[in-house]
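A.B. asks: Quick one: the structure is below, and I'll ask about it shortly.
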Amino acid sequence: MSHHNFEIQKSKEEWEQQLTSEEYRVLREKGTEKAYVGIYETHWEKGTYLCKGCGHELFTSEAKFDAGCGWPSFYETMDKTHIEEIADNSFGMKRLEVVCAYCGGHLGHVFEDGPQPTGLRYCINSVSLGFKKKQ
C-alpha cells in the first residue's frame, strides 16, 4: 500500500483484528468518515489526541479549533516528525494527505485555510484518533 517503511508493520489480518471495520476503512484504506458524526468533532476537553492505530501522540487540544467543516480540526501538530504528508491527487483534487509517521495510518488531510499562527487546518477523521485526558 505504502512505499514508506513505517516502524510499525502489521498484516492486514492483524489490523482487522485490532480495529473496528470503520477504523480499518479509514486508517488502512484511506476512507473518510461522514461529516459531523465523529466523536471528536465537538469535543473540547483538554488533553492529547493519539493515533488510533498505534497510540502515538499527534495533536494537543490547545491546537484544536472549530473549523465548522464537520471534522476535528487542528492548526498544528504536536510534533512535525509524528506525521507524514503525502501528495494526494485522487478525485481530481490536489490535496496533502496526513498519515501517522509510525504506522502509516490515514488521518485526514491538511489545508492552508486555518487560523494563525500557522494558517494550517489539519482536518482529521475522529475514528483515526484516540484521546488521552489531561490529568
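Please note that chains go A, B, ... in the order of the C-alpha cells, that every chain numbers its residues from 1, and that ligands are numbered from 1 in the order shown.
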Might you pull out every residue within 9 Å of Leu107 in chain A, with only C-alpha atoms counted and same-chain residues fewer than 4 positions away left off, and present them as a ChimeraX atom specification?
C.D. replies: /A:26-27,30,32,51,97-100,123-129
A.B. asks: Residues within 10 Å of Glu45 in chain A, please, as a PyMOL selection string. Count only C-alpha atoms; anything in the same chain fewer than 4 positions from it doesn't count.
C.D. replies: chain A and resi 40+61-62+131-134
A.B. asks: Could you tell me how far CA of Gly92 in chain A lies from CA of Phe111 in chain A, in Å and to one decimal?
C.D. replies: 15.7 Å
A.B. asks: Can you list, as number ranges by chain, every residue of chain A that DSSP puts in strand (DSSP E)?
C.D. replies: A: 47-51, 57-60, 64-65, 73-74, 83-88, 95-100, 106-111, 121-124, 129-133
A.B. asks: Return the single residue from A:Tyr102, A:Tyr24, A:Tyr122, A:Phe91 that is closest to Phe74 in chain A, with distances computed using only C-alpha atoms.
C.D. replies: A:Tyr122
A.B. asks: I need the residue nearest Gly68 in chain A from this list: A:Lys12, A:His56, A:Gly114, A:Ser21. Use only C-alpha atoms for the distance.
C.D. replies: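 When distances to Gly68 in chain A are compared using only C-alpha atoms, the smallest one comes from A:Gly114.
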A.B. asks: Could you tell me which of A:Gln18, A:Ser73, A:Gln116, A:Thr48 comes closest to Ala35 in chain A if we count only C-alpha atoms?
C.D. replies: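 Residue with the minimum atom-to-atom distance to Ala35 in chain A: A:Ser73.
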A.B. asks: Quote the spacing between CA of Cys54 in chain A and CA of Pro117 in chain A in Å to one decimal place.
C.D. replies: 28.8 Å
A.B. asks: With distances taken over only C-alpha atoms, which residue among A:Leu50, A:Tyr75, A:Gly31, A:Ile8 lies nearest Gly108 in chain A?
C.D. replies: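 Among A:Leu50, A:Tyr75, A:Gly31, A:Ile8, it is A:Gly31 that comes nearest to Gly108 in chain A.
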A.B. asks: Show which residues sit within 9 Å of Glu29 in chain A, as an MDAnalysis selection string. Count only C-alpha atoms, and ignore same-chain residues fewer than 4 positions away.
C.D. replies: chainID A and resid 1 24:25 105:106
A.B. asks: Could you give me, as a ChimeraX atom specification, each residue of chain A that DSSP assigns to alpha helix (DSSP H) when run on this structure's backbone?
C.D. replies: /A:12-18,21-27
A.B. asks: Produce a file of the selected residues containing N, CA and C atoms, as a short mmCIF file (atom, residue, chain, number, x, y, z; two decimals), in the first residue's frame.
C.D. replies:
```
data_model
loop_
_atom_site.label_atom_id
_atom_site.label_comp_id
_atom_site.auth_asym_id
_atom_site.auth_seq_id
_atom_site.Cartn_x
_atom_site.Cartn_y
_atom_site.Cartn_z
N LYS A 12 -2.59 -7.27 7.18
CA LYS A 12 -3.98 -6.88 7.02
C LYS A 12 -4.82 -7.55 8.12
N GLU A 13 -4.54 -8.83 8.36
CA GLU A 13 -5.29 -9.60 9.36
C GLU A 13 -5.10 -9.01 10.76
N GLU A 14 -3.87 -8.65 11.08
CA GLU A 14 -3.59 -8.07 12.40
C GLU A 14 -4.34 -6.74 12.59
N TRP A 15 -4.33 -5.91 11.54
CA TRP A 15 -5.06 -4.63 11.63
C TRP A 15 -6.55 -4.89 11.77
N GLU A 16 -7.06 -5.85 11.02
CA GLU A 16 -8.50 -6.14 11.07
C GLU A 16 -8.93 -6.63 12.45
N GLN A 17 -8.04 -7.35 13.14
CA GLN A 17 -8.36 -7.81 14.49
C GLN A 17 -8.35 -6.66 15.49
N GLN A 18 -7.42 -5.74 15.28
CA GLN A 18 -7.23 -4.64 16.22
C GLN A 18 -8.28 -3.53 16.07
N SER A 21 -14.39 -2.16 11.93
CA SER A 21 -14.43 -2.10 10.47
C SER A 21 -14.35 -0.66 9.96
N GLU A 22 -14.95 0.27 10.70
CA GLU A 22 -14.89 1.68 10.29
C GLU A 22 -13.49 2.25 10.49
N GLU A 23 -12.84 1.91 11.61
CA GLU A 23 -11.46 2.35 11.83
C GLU A 23 -10.55 1.79 10.74
N TYR A 24 -10.77 0.54 10.39
CA TYR A 24 -9.95 -0.11 9.35
C TYR A 24 -10.14 0.60 8.00
N ARG A 25 -11.40 0.88 7.68
CA ARG A 25 -11.72 1.53 6.40
C ARG A 25 -11.03 2.89 6.28
N VAL A 26 -11.00 3.63 7.37
CA VAL A 26 -10.38 4.96 7.33
C VAL A 26 -8.87 4.88 7.45
N LEU A 27 -8.38 4.24 8.53
CA LEU A 27 -6.94 4.21 8.79
C LEU A 27 -6.14 3.44 7.76
#
```
